[in-house]
Amino acid sequence: MKLPNLSVLYLIHLTSLLLILAESTQPPFSCDISDPRTKSYPFCKTTLPITQRVQDLVSRLTLDEKISQLVNSASSIPRLGIPAYQWWSEALHGVAYSLRVTQGIRFNGTIQSATSFPQVILTAASFDAHLWYRIAQAVGIEARAIYNAGQAMGMTFWAPNINIYRDPRWGRGQETPGEDPLVSGKYAVSFVRGIQGDSFEGGKLGQHLQASACCKHFTAYDLDNWKGVKRYVFNAKVSLQDLADTYQPPFQSCIQQGKASGIMCAYNRVNGVPNCADYNLLSKTARGQWGFNGYITSDCDAVAIIHEDQGYAKLPEDAVADVLKAGMDVNCGTYLKKYTKSAVEKRKLPVSKIDRALHNLFSVRMRLGLFDGNPVKQPYGTIGSDKVCSQEHRNLALEAARNGIVLLKNTDKLLPLSKTKTTSLAVIGPNANSAKTLVGNYAGPPCKPVTPLQGLQSYVKDTRFHQGCNAVNCSSAFIAQSVKIAKGADHVVLVMGLDQTQESEDHDRVDLLLPPKQQNLISRIARVAKNPVILVLLSGGPVDISFAKNDQHIGSILWAGYPGEAGGLALAEIIFGDHNPGGRLPVTWYPQSYVNVPMTDMRMRPEPSSSYPGRTYRFYQGPKVFEFGYGLSYSNYTYEILPVTQNRVHIMVESSNPHRYLPVSEMGDEVCEKMKYTVKVRVKNHGAMAGKHPMLLFVRQPNMVNGRAVRQLVAFQSVNLNAGERADVEFELRPCEHLSSAKKDGSMVIEEGSYLLSIGDKESEIQVVK
């Protein structure tokens with residue numbers, strides 16, 4: 001084949017670029033009323049049910065046209081007036097770039113940035129579901145504004161990431177709401193409802209979507225690249241018990257309560273079967289048992305990997321047939337585009353499976369209003385570019401950072417610093433003036449980033465800065481220069497930690513310590529400073545900072561995750577007392593010795609006979625640097641569990657079951673609903689400052705037998721209290737959900753016996769009787 005010369009290629013590229021620019025102010029849509037064909041197409045008639053419209057559309061497509069729609073970069077169908085569509089867009093904590101150029105969002109027009117909220121792990125530390133909802137709502141509004149401005153080729157966003165943060169070394173743990181399945185599930189529901197246009201309580205979402213959310217990565221995906229073990233080929237061996245009470249609940253919540261319109265199947269295999277080729281997972285569980293009604297996408301190139309890396313499918317056509325028969329709808333990548341036709345011709349795949357996938361895909365595009373004519377005249381059509389980076393959204397980013405940052409140590413009430421008595425400040429560290437580190441991964445260009453240095457400079461005019469290290473890995477430490485400026489200042493703030501070179505997608509950590517020279521620099525500066533120093537850590541994952549926790553020269557420690565574009569200002573406000581910190585850790589901080597546990601071991605529960613310690617606060621039996629839910633404040637809060645009208649829960653169903661437990665499946669929704677009741681907790685702020693305080697309610701059983709958790713979070717709620725103020729907070733206890741546990745066969749049961757509710761240092765007993 002003769003290749004065209006370079007000048008022809010240049011002209012083709014230039015023409016394509018001009019066409020993109022010409023269309024950049026016009027969002028792509030189908031069924032333009034100015035097109036005479038529109039009136040004759042039933043799929044353009046908005047008065048018809050979407051199911052009927054989709055059936056008409058699919059019936060008009062040739063096999064080649066059908067296949068062209070099965071990949072993330074779906075081709076246009078000019079003869080029907082259907083533009084190209086890009087399924088892949090990102091919005092993890094703000095509308096973002098994707099990892100590659102084939103993306104649905106561009107920042108090259110009138111909109112060149114988007115509000116960058118804190119990375120998810122820090123937002124989760126607020127334990128504030130309504131805050132999570134408001135953030136997602138803002139992201140959905142900005143996404144729609146970008147589409148209306150003609151800078152989006154798609155409105156399907158591949159977020160949230162709700163995998164359980166099982167191992168502290170996972171490079172993508174920063175993207176998740178943490179290690180607890182209840183928190184992850186509630187985050188998923190809040191995020192999906194917010195971005196898609198539903199109310200916080202749910203149930204108000206009609207046919208139209210503001211934007212489409214996609215819960216990922218389904219399922220048991222939490223290893224990227226650890227000591228040569230890669231996510232693409234990893235076979236996660238997971239028990240039915242762990243699947244039932246750890247790995248699957250967030251996805252069930254996402255689908256059943258959040259009503260997500262998309263889910264993504266993960267790269268890895270689970271018990272030998274690739275997730276994207278697992279009929280039991282995608283069709284039987286997600287669609288059949290949980291009632292999922294949306295599209296399922298592969299992770300990028302996951303279909304190719306099933307044949308080329310895992311060897312699960314003998315031929316490319318087998319991989320294509322496996323995923324479409326399993327219930328997957330769209331392939332991020334090109335494998336379905338290349339091999340689906342030959343799979344049909346070789347009779348490995350019936351066309352009906354392609355039609356099923358297309359029905360799901362076009363249904364979502366229609367719910368987004370992309371087949372309803374000019375989007376300006378449709379719901380969400382009036383959302384303009386002024387909504388992107390609005391003052392309201394930037395204020396929300398600041399609020400989220402404030403409420404997520406966790407105070408880990410505050411000896412002798414070193415913090416907050418006095419604004420009047422602090423005349424000079426030394427700010428040292430590789431993360432002190434890095435706007436890039438603030439936003440973590442999957443981030444777009446932020447509106448107006450404020451680094452920690454810039455935030456602190458707004459409080460203290462005489463602020464001296466040194467990077468301290470050449471980079472976060474600190475292969476070269478500038479100790480002499482750092483010590484010099486530290487000695488001359490009233491107070492020293494060290495802004496250290498990790499960044500995306502240390503933990504990220506496709507890069508898991510191998511230890512839990514700070515880079516050695518960074519740790520040495522911290523200790524050296526702490527010894528020479530006039531006053532105990534303040535250590536600020538930016539990181540997505542836990543770090544073993546036992547050295548700093550036990551060093552009397554380090555007076556205060558703040559963990560700020562990756563706090564987003566307003567993170568620097570939020571940190572400064574906390575350090576100087578304009579905000580009372582209240583964040584609490586959403587993940588256990590383990591000691592360095594935990595690296596002796598293979599990251600490939602998926603078991604949640606401990607096994608004492610083999611010295612396996614278990615994972616997460618629910619099952620881990622071993623030393624901790626900081627516990628799940630730990631977090632200090634400038635105030636002191638006390639609790640009182642108020643007397644309840646009932647401290648006995650009656651399992652209100654007759655059963656011939658001779659055991660001391662009853663399967664939840666035998667009880668039914670109506671019985672479970674009747675069993676719920678309210679627990680009231682009185683909380684008081686004994687401090688001199690107002691504060692926002694997350695309250696965490698746990699339950700435990702006295703005996704850890706049959707794989708029971710050490711304790712389990714059953715409810716959480718944030719409360720704002722002025723100095724000296726108290727409030728009574730109500731928590732809803734749902735026994736079928738909160739008092740049940742998983743048996744080895746994966747069934748959820750409620751056992752008879754004693755349970756202890758706890759909050760802070762207070763406990764209250766309840767009895768479950770048949």
# chains A, B, ... in the order shown; residues from 1 in each chain; ligands from 1
>>> closest_atom_pairs(of="region 496-591 of chain A", to="region 228-238 of chain A", cutoff="10 Å", atoms="only C-alpha atoms", output="Markdown table")
| residue | atom | partner | partner_atom | distance |
| --- | --- | --- | --- | --- |
| A:Asp506 | CA | A:Lys230 | CA | 7.8 |
| A:His507 | CA | A:Lys230 | CA | 9.4 |
| A:Asp508 | CA | A:Lys230 | CA | 9.8 |
>>> residues_around(residues="Gln137 (chain A)", least_positions_apart="6", cutoff="9 Å", atoms="only C-alpha atoms", output="list in words")
Phe191, Val192, Arg193, Gly194, Ile195, Gln196, Gly197 and Asp198 of chain A
>>> residues_around(residues="Asp329 (chain A)", least_positions_apart="4", cutoff="6 Å", atoms="only C-alpha atoms", output="JSON, numbers by chain")
{"A": [296, 297, 357]}
>>> select_by_dssp(residues="region 137-364 of chain A", states="strand (DSSP E)", output="number ranges by chain")
A: 214-218, 225-226, 229-230, 235-236, 262-265, 269-270, 273-274, 295-298
>>> write_last_selection(atoms="N, CA and C atoms", output="PDB file, in the first residue's frame")
ATOM      1  N   CYS A 214     -20.267   6.485  36.612  1.00  0.00           N
ATOM      2  CA  CYS A 214     -19.873   5.096  36.353  1.00  0.00           C
ATOM      3  C   CYS A 214     -19.063   4.593  37.538  1.00  0.00           C
ATOM      4  N   CYS A 215     -19.621   3.669  38.307  1.00  0.00           N
ATOM      5  CA  CYS A 215     -18.902   3.135  39.468  1.00  0.00           C
ATOM      6  C   CYS A 215     -17.875   2.098  39.008  1.00  0.00           C
ATOM      7  N   LYS A 216     -16.668   2.225  39.493  1.00  0.00           N
ATOM      8  CA  LYS A 216     -15.577   1.349  39.079  1.00  0.00           C
ATOM      9  C   LYS A 216     -14.725   0.985  40.312  1.00  0.00           C
ATOM     10  N   HIS A 217     -13.944  -0.071  40.236  1.00  0.00           N
ATOM     11  CA  HIS A 217     -13.714  -1.050  39.169  1.00  0.00           C
ATOM     12  C   HIS A 217     -14.296  -2.360  39.681  1.00  0.00           C
ATOM     13  N   PHE A 218     -15.264  -2.894  39.020  1.00  0.00           N
ATOM     14  CA  PHE A 218     -16.092  -4.014  39.453  1.00  0.00           C
ATOM     15  C   PHE A 218     -15.417  -5.323  39.050  1.00  0.00           C
ATOM     16  N   ASN A 225       0.516  -2.453  40.475  1.00  0.00           N
ATOM     17  CA  ASN A 225       1.807  -2.978  40.036  1.00  0.00           C
ATOM     18  C   ASN A 225       2.701  -3.068  41.262  1.00  0.00           C
ATOM     19  N   TRP A 226       2.728  -4.245  41.867  1.00  0.00           N
ATOM     20  CA  TRP A 226       3.460  -4.448  43.120  1.00  0.00           C
ATOM     21  C   TRP A 226       4.472  -5.569  42.940  1.00  0.00           C
ATOM     22  N   VAL A 229       3.948  -7.857  40.063  1.00  0.00           N
ATOM     23  CA  VAL A 229       2.597  -8.397  39.879  1.00  0.00           C
ATOM     24  C   VAL A 229       1.719  -7.261  39.367  1.00  0.00           C
ATOM     25  N   LYS A 230       1.191  -7.407  38.142  1.00  0.00           N
ATOM     26  CA  LYS A 230       0.438  -6.332  37.509  1.00  0.00           C
ATOM     27  C   LYS A 230      -1.059  -6.624  37.503  1.00  0.00           C
ATOM     28  N   ASN A 235      -4.755 -12.568  39.457  1.00  0.00           N
ATOM     29  CA  ASN A 235      -5.937 -13.368  39.771  1.00  0.00           C
ATOM     30  C   ASN A 235      -6.232 -13.203  41.258  1.00  0.00           C
ATOM     31  N   ALA A 236      -7.253 -12.415  41.576  1.00  0.00           N
ATOM     32  CA  ALA A 236      -7.619 -12.165  42.967  1.00  0.00           C
ATOM     33  C   ALA A 236      -8.412 -13.356  43.494  1.00  0.00           C
ATOM     34  N   GLY A 262     -23.884   3.752  34.885  1.00  0.00           N
ATOM     35  CA  GLY A 262     -22.747   3.037  34.323  1.00  0.00           C
ATOM     36  C   GLY A 262     -21.951   2.318  35.395  1.00  0.00           C
ATOM     37  N   ILE A 263     -21.343   1.203  35.033  1.00  0.00           N
ATOM     38  CA  ILE A 263     -20.336   0.550  35.863  1.00  0.00           C
ATOM     39  C   ILE A 263     -19.204   0.093  34.948  1.00  0.00           C
ATOM     40  N   MET A 264     -18.021  -0.032  35.524  1.00  0.00           N
ATOM     41  CA  MET A 264     -16.837  -0.467  34.768  1.00  0.00           C
ATOM     42  C   MET A 264     -16.336  -1.775  35.350  1.00  0.00           C
ATOM     43  N   CYS A 265     -16.153  -2.768  34.485  1.00  0.00           N
ATOM     44  CA  CYS A 265     -15.571  -4.026  34.945  1.00  0.00           C
ATOM     45  C   CYS A 265     -14.041  -3.917  34.928  1.00  0.00           C
ATOM     46  N   ARG A 269      -8.686 -10.797  37.196  1.00  0.00           N
ATOM     47  CA  ARG A 269      -9.562 -11.955  37.334  1.00  0.00           C
ATOM     48  C   ARG A 269      -9.952 -12.088  38.805  1.00  0.00           C
ATOM     49  N   VAL A 270     -11.104 -12.639  39.049  1.00  0.00           N
ATOM     50  CA  VAL A 270     -11.514 -13.000  40.400  1.00  0.00           C
ATOM     51  C   VAL A 270     -11.799 -14.491  40.403  1.00  0.00           C
ATOM     52  N   VAL A 273     -11.676 -15.984  36.803  1.00  0.00           N
ATOM     53  CA  VAL A 273     -12.500 -15.460  35.709  1.00  0.00           C
ATOM     54  C   VAL A 273     -12.288 -13.957  35.545  1.00  0.00           C
ATOM     55  N   PRO A 274     -11.944 -13.484  34.337  1.00  0.00           N
ATOM     56  CA  PRO A 274     -11.808 -12.036  34.123  1.00  0.00           C
ATOM     57  C   PRO A 274     -13.142 -11.339  34.419  1.00  0.00           C
ATOM     58  N   TYR A 295     -25.202   1.076  31.291  1.00  0.00           N
ATOM     59  CA  TYR A 295     -24.217   0.457  30.402  1.00  0.00           C
ATOM     60  C   TYR A 295     -23.030  -0.033  31.223  1.00  0.00           C
ATOM     61  N   ILE A 296     -22.345  -1.033  30.705  1.00  0.00           N
ATOM     62  CA  ILE A 296     -21.142  -1.572  31.341  1.00  0.00           C
ATOM     63  C   ILE A 296     -19.982  -1.413  30.375  1.00  0.00           C
ATOM     64  N   THR A 297     -18.956  -0.719  30.830  1.00  0.00           N
ATOM     65  CA  THR A 297     -17.747  -0.534  30.017  1.00  0.00           C
ATOM     66  C   THR A 297     -16.608  -1.372  30.576  1.00  0.00           C
ATOM     67  N   SER A 298     -15.715  -1.767  29.689  1.00  0.00           N
ATOM     68  CA  SER A 298     -14.480  -2.388  30.150  1.00  0.00           C
ATOM     69  C   SER A 298     -13.526  -1.294  30.609  1.00  0.00           C
TER      70      SER A 298
END
>>> select_by_dssp(residues="region 149-271 of chain A", states="helix (DSSP H, G or I)", output="number ranges by chain")
A: 173-175, 181-196, 240-247, 249-256
>>> closest_residue(among="A:Ala220, A:Tyr590, A:Ala213, A:Ile405", to="Asp242 (chain A)", atoms="only C-alpha atoms")
A:Ala220
>>> residues_around(residues="Leu414 (chain A)", least_positions_apart="4", cutoff="8 Å", atoms="only C-alpha atoms", output="ChimeraX atom specification")
/A:410,532,555-556
>>> residues_around(residues="region 669-682 of chain A", least_positions_apart="2", cutoff="10 Å", atoms="only C-alpha atoms", output="ChimeraX atom specification")
/A:638-647,649-653,664-667,684,695,697,726-738,757,759,762
>>> atom_distance(atom1="CA of Ala91 (chain A)", atom2="CA of Thr334 (chain A)")
22.8 Å
>>> atom_distance(atom1="CA of Gln210 (chain A)", atom2="CA of Thr382 (chain A)")
11.8 Å
